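Have a look at entry_23.tsv; it's TSV, C-alpha atoms and all ligand atoms:
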chain	number	residue	atom	x	y	z
A	533	MET	CA	0.00	0.00	0.00
A	534	SER	CA	1.47	3.35	-1.02
A	535	ARG	CA	1.86	6.14	1.48
A	536	GLU	CA	-0.80	8.17	-0.27
A	537	ASN	CA	-3.30	5.29	-0.01
A	538	LYS	CA	-2.54	4.85	3.66
A	539	LYS	CA	-3.24	8.52	4.16
A	540	LYS	CA	-6.59	8.15	2.38
A	541	LYS	CA	-7.51	5.31	4.68
A	542	PHE	CA	-6.63	6.97	7.94
A	543	ASP	CA	-7.47	10.59	7.26
A	544	LYS	CA	-11.27	10.69	7.25
A	545	GLY	CA	-11.40	14.19	5.84
A	546	TYR	CA	-9.09	13.32	2.96
A	547	PHE	CA	-11.62	13.74	0.17
A	548	GLN	CA	-12.69	17.14	1.44
A	549	LYS	CA	-9.19	18.48	0.86
A	550	HIS	CA	-8.15	16.36	-2.13
A	551	PRO	CA	-9.81	15.70	-5.45
A	552	CYS	CA	-11.15	12.18	-5.79
A	553	LEU	CA	-9.28	10.75	-8.76
A	554	ASP	CA	-10.22	7.09	-8.53
A	555	PRO	CA	-12.17	5.70	-11.47
A	556	PHE	CA	-15.24	3.75	-10.41
A	557	THR	CA	-17.83	1.48	-11.96
A	558	CYS	CA	-21.35	2.83	-11.74
A	559	ARG	CA	-23.50	0.51	-9.62
A	560	VAL	CA	-26.62	1.44	-11.53
A	561	CYS	CA	-25.69	1.38	-15.24
A	562	GLY	CA	-22.39	-0.53	-14.98
A	563	ARG	CA	-20.36	1.93	-17.03
A	564	SER	CA	-16.89	2.80	-15.81
A	565	VAL	CA	-16.51	6.42	-14.84
A	566	VAL	CA	-13.20	8.26	-14.95
A	567	PRO	CA	-12.61	11.56	-13.16
A	568	GLU	CA	-11.26	13.35	-16.24
A	569	GLY	CA	-13.76	15.53	-18.02
A	570	ALA	CA	-15.93	16.28	-15.02
A	571	GLY	CA	-14.64	19.83	-14.71
A	572	THR	CA	-14.91	19.47	-10.95
A	573	ASP	CA	-12.72	17.93	-8.29
A	574	HIS	CA	-15.49	15.86	-6.81
A	575	ARG	CA	-17.28	13.69	-9.31
A	576	ASN	CA	-20.02	12.34	-7.13
A	577	HIS	CA	-22.38	10.92	-9.70
A	578	CYS	CA	-22.34	8.92	-12.92
A	579	PRO	CA	-22.39	11.15	-16.05
A	580	TYR	CA	-24.39	8.55	-17.99
A	581	CYS	CA	-27.32	7.76	-15.71
A	582	LEU	CA	-26.69	10.57	-13.17
A	583	SER	CA	-26.99	8.14	-10.25
A	584	SER	CA	-24.90	8.64	-7.14
A	585	LEU	CA	-24.05	6.67	-4.02
A	586	HIS	CA	-24.78	7.65	-0.45
A	587	VAL	CA	-21.23	7.82	0.86
A	588	ASP	CA	-21.12	11.32	2.36
A	589	GLU	CA	-22.75	12.80	5.44
A	590	THR	CA	-21.63	16.23	4.30
A	591	PRO	CA	-20.20	16.60	0.78
A	592	GLY	CA	-16.80	14.94	0.40
A	593	ASP	CA	-16.45	13.43	3.88
A	594	ARG	CA	-17.15	9.76	2.89
A	595	ARG	CA	-18.49	9.16	6.41
A	596	SER	CA	-21.86	7.65	5.56
A	597	LYS	CA	-22.38	4.00	6.40
A	598	CYS	CA	-25.48	3.83	4.20
A	599	HIS	CA	-23.93	3.30	0.73
A	600	GLY	CA	-27.37	3.21	-0.86
A	601	VAL	CA	-27.91	4.14	-4.50
A	602	MET	CA	-29.01	7.75	-4.85
A	603	ASP	CA	-31.42	8.38	-7.71
A	604	PRO	CA	-31.42	11.74	-9.47
A	605	ILE	CA	-34.93	13.09	-8.86
A	606	ALA	CA	-34.75	16.71	-10.01
A	607	VAL	CA	-32.61	19.46	-11.45
A	608	TRP	CA	-32.64	23.02	-10.26
A	609	VAL	CA	-30.74	26.19	-11.10
A	610	ARG	CA	-28.69	27.93	-8.47
A	611	LYS	CA	-28.48	31.72	-8.10
A	612	ASN	CA	-25.40	31.89	-10.33
A	613	ASN	CA	-27.23	30.02	-13.11
A	614	GLU	CA	-25.33	26.85	-12.28
A	615	TRP	CA	-27.32	23.65	-12.68
A	616	ALA	CA	-27.51	21.25	-9.78
A	617	LEU	CA	-29.01	17.80	-9.29
A	618	ILE	CA	-31.13	16.63	-6.39
A	619	HIS	CA	-30.36	13.04	-5.40
A	620	ARG	CA	-32.47	10.87	-3.10
A	621	CYS	CA	-31.12	7.77	-1.40
A	622	ARG	CA	-33.08	4.59	-2.14
A	623	ILE	CA	-32.34	3.18	1.31
A	624	CYS	CA	-32.63	6.03	3.79
A	625	GLY	CA	-34.28	8.74	1.71
A	626	LYS	CA	-31.60	11.35	2.30
A	627	LEU	CA	-31.73	14.23	-0.16
A	628	SER	CA	-28.64	16.00	-1.40
A	629	SER	CA	-27.88	18.65	-3.96
A	630	ASN	CA	-24.90	18.27	-6.26
A	631	ARG	CA	-23.36	20.44	-8.92
A	632	ILE	CA	-23.64	18.90	-12.36
A	633	ALA	CA	-20.38	17.95	-14.06
A	634	ALA	CA	-19.19	19.25	-17.43
A	635	ASP	CA	-19.73	15.90	-19.12
A	636	ASP	CA	-23.06	14.92	-17.59
A	637	HIS	CA	-25.34	13.56	-20.31
A	638	PRO	CA	-27.30	16.64	-21.51
A	639	MET	CA	-30.33	14.66	-22.65
A	640	LYS	CA	-30.52	12.91	-19.30
A	641	LEU	CA	-30.51	16.29	-17.58
A	642	MET	CA	-33.21	17.63	-19.91
A	643	ALA	CA	-35.32	14.51	-19.43
A	644	LEU	CA	-35.09	14.95	-15.70
A	645	ALA	CA	-35.98	18.65	-15.91
A	646	LEU	CA	-39.02	17.88	-18.08
A	647	ARG	CA	-40.20	14.82	-16.17
A	648	PRO	CA	-43.02	16.61	-14.31
A	649	PHE	CA	-44.51	17.67	-17.65
A	650	ALA	CA	-44.33	14.19	-19.14
A	651	GLY	CA	-46.43	12.56	-16.42
A	652	GLU	CA	-50.12	11.66	-16.63
A	653	GLY	CA	-51.25	14.75	-14.76
A	654	PHE	CA	-49.66	17.11	-17.24
A	655	SER	CA	-51.30	16.69	-20.60
A	656	ARG	CA	-50.99	19.42	-23.22
A	657	GLU	CA	-54.64	20.20	-22.67
A	658	GLY	CA	-54.00	20.47	-18.95
A	659	LEU	CA	-51.24	22.98	-19.54
A	660	ALA	CA	-53.40	24.98	-21.94
A	661	ARG	CA	-56.24	25.00	-19.39
A	662	MET	CA	-53.85	26.11	-16.68
A	663	SER	CA	-52.46	28.98	-18.74
A	664	ARG	CA	-56.02	30.07	-19.56
A	665	HIS	CA	-56.74	30.21	-15.83
A	666	MET	CA	-53.63	32.29	-15.30
A	667	ASP	CA	-54.74	34.69	-18.03
A	668	VAL	CA	-58.08	35.14	-16.31
A	669	ARG	CA	-56.36	36.00	-13.04
A	670	ASP	CA	-54.10	38.50	-14.77
A	671	GLU	CA	-57.08	40.23	-16.34
A	672	GLY	CA	-58.71	40.52	-12.97
A	673	ARG	CA	-55.84	42.55	-11.53
A	674	PRO	CA	-56.37	46.28	-11.06
B	701	ZN	ZN	-24.44	5.13	-14.24
B	702	ZN	ZN	-28.74	6.53	2.40
Transcribe the structure of this file into structure tokens.
Amino acid sequence: MSRENKKKKFDKGYFQKHPCLDPFTCRVCGRSVVPEGAGTDHRNHCPYCLSSLHVDETPGDRRSKCHGVMDPIAVWVRKNNEWALIHRCRICGKLSSNRIAADDHPMKLMALALRPFAGEGFSREGLARMSRHMDVRDEGRP
């Protein structure tokens, strides 16, 4: 075991101060994920299926004992126009917000962003009806 690996093992806060450069195999889609191309020091989710693992209590600390698969459930836009993903753990339900990486699959992100509109409750007619209602309210304003 190299000295650097030993340090990783014993220093619990290691990944908060150092970029995680280990390639890993995604537990959900099985693709191997390399750190290069992420544009961030902490690649915490798979760029292909956007799934993550529950390994952190707070970002980068690797202290969680849960290790459940975290499904991407939503995207949102931060104040600085940066996109972020919301992940929810399949086992314990923990929610976490993560910056997207430069090479995250753009169609996957779009699909996630549009998911609420693709569901049963959101037909085109439903949307049209809703916007008509909003028009009516606008007209009613002084
Ligand atoms: Zn994956
Ligand atoms: Zn969990």
Within 6 Å of file point (-25.4, 4.3, -11.6), counting only C-alpha atoms, expressed as a count of residues only: 7
Please build the interface table for chain A against ligand ZN 702 (chain B) with a cut-off of 8 Å, listing for each qualifying residue the nearest atom pair and the distance in Å to one decimal; count all atoms listed in the file, order rows by chain and increasing number, and write it as JSON lines.
{"residue": "A:Leu585", "atom": "CA", "partner": "B:ZN702", "partner_atom": "ZN", "distance": 8.0}
{"residue": "A:His586", "atom": "CA", "partner": "B:ZN702", "partner_atom": "ZN", "distance": 5.0}
{"residue": "A:Val587", "atom": "CA", "partner": "B:ZN702", "partner_atom": "ZN", "distance": 7.8}
{"residue": "A:Ser596", "atom": "CA", "partner": "B:ZN702", "partner_atom": "ZN", "distance": 7.7}
{"residue": "A:Lys597", "atom": "CA", "partner": "B:ZN702", "partner_atom": "ZN", "distance": 7.9}
{"residue": "A:Cys598", "atom": "CA", "partner": "B:ZN702", "partner_atom": "ZN", "distance": 4.6}
{"residue": "A:His599", "atom": "CA", "partner": "B:ZN702", "partner_atom": "ZN", "distance": 6.0}
{"residue": "A:Gly600", "atom": "CA", "partner": "B:ZN702", "partner_atom": "ZN", "distance": 4.9}
{"residue": "A:Val601", "atom": "CA", "partner": "B:ZN702", "partner_atom": "ZN", "distance": 7.3}
{"residue": "A:Met602", "atom": "CA", "partner": "B:ZN702", "partner_atom": "ZN", "distance": 7.4}
{"residue": "A:Arg620", "atom": "CA", "partner": "B:ZN702", "partner_atom": "ZN", "distance": 7.9}
{"residue": "A:Cys621", "atom": "CA", "partner": "B:ZN702", "partner_atom": "ZN", "distance": 4.7}
{"residue": "A:Arg622", "atom": "CA", "partner": "B:ZN702", "partner_atom": "ZN", "distance": 6.6}
{"residue": "A:Ile623", "atom": "CA", "partner": "B:ZN702", "partner_atom": "ZN", "distance": 5.0}
{"residue": "A:Cys624", "atom": "CA", "partner": "B:ZN702", "partner_atom": "ZN", "distance": 4.2}
{"residue": "A:Gly625", "atom": "CA", "partner": "B:ZN702", "partner_atom": "ZN", "distance": 6.0}
{"residue": "A:Lys626", "atom": "CA", "partner": "B:ZN702", "partner_atom": "ZN", "distance": 5.6}
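Note that the spacing between atom CA of A:Val565 and atom CA of A:Ala633 amounts to 12.2 Å.
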I'd like the neighbourhood of A:Pro555 as a PDB file with C-alpha atoms, in the coordinates of the input, where a residue qualifies if any of its atoms comes within 9 Å (using all atoms listed in the file), though same-chain residues fewer than 5 positions away should be ignored.
ATOM      1  CA  SER A 564     -16.890   2.800 -15.810  1.00  0.00           C
ATOM      2  CA  VAL A 565     -16.510   6.420 -14.840  1.00  0.00           C
ATOM      3  CA  VAL A 566     -13.200   8.260 -14.950  1.00  0.00           C
ATOM      4  CA  PRO A 567     -12.610  11.560 -13.160  1.00  0.00           C
TER       5      PRO A 567
END
Using atom CA of A:Pro648 and atom CA of A:Trp608 as the two end points, give the distance in Å to one decimal.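 So the two atoms, atom CA of A:Pro648 and atom CA of A:Trp608, lie 12.9 Å apart.
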Give the answer as one residue: which of A:His637, A:Arg610, A:Arg563, A:Arg595 has the shortest atom-to-atom distance to ligand ZN 701 (chain B), using only C-alpha atoms and all ligand atoms?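 Closest to ligand ZN 701 (chain B) of all the choices is A:Arg563.
The nearest approach to ligand ZN 701 (chain B) among the residues A:Phe649, A:Phe556, A:Trp615, A:Tyr580, with all atoms listed in the file taken into account, belongs to A:Tyr580.
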For ligand ZN 701 (chain B), which residue out of A:Ser628, A:Ser663, A:Asn612, A:Asn576 is the nearest one, using all atoms listed in the file?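 Closest to ligand ZN 701 (chain B) of all the choices is A:Asn576.
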State, in Å with one decimal place, the distance from atom CA of A:Leu641 to atom CA of A:Leu617. 8.6 Å
Compute the distance from (-30.2, 24.9, -12.4) to each atom, counting all atoms listed in the file, keep the residues with any atom at most 12 Å away, and return them as number ranges by chain; use the coordinates of the file. A: 606-618, 629-632, 641-642, 644-645
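When all atoms listed in the file are used to measure the gap to ligand ZN 701 (chain B), the shortest distance among A:Gly658, A:Pro591, A:Pro604, A:Pro579 belongs to A:Pro579.
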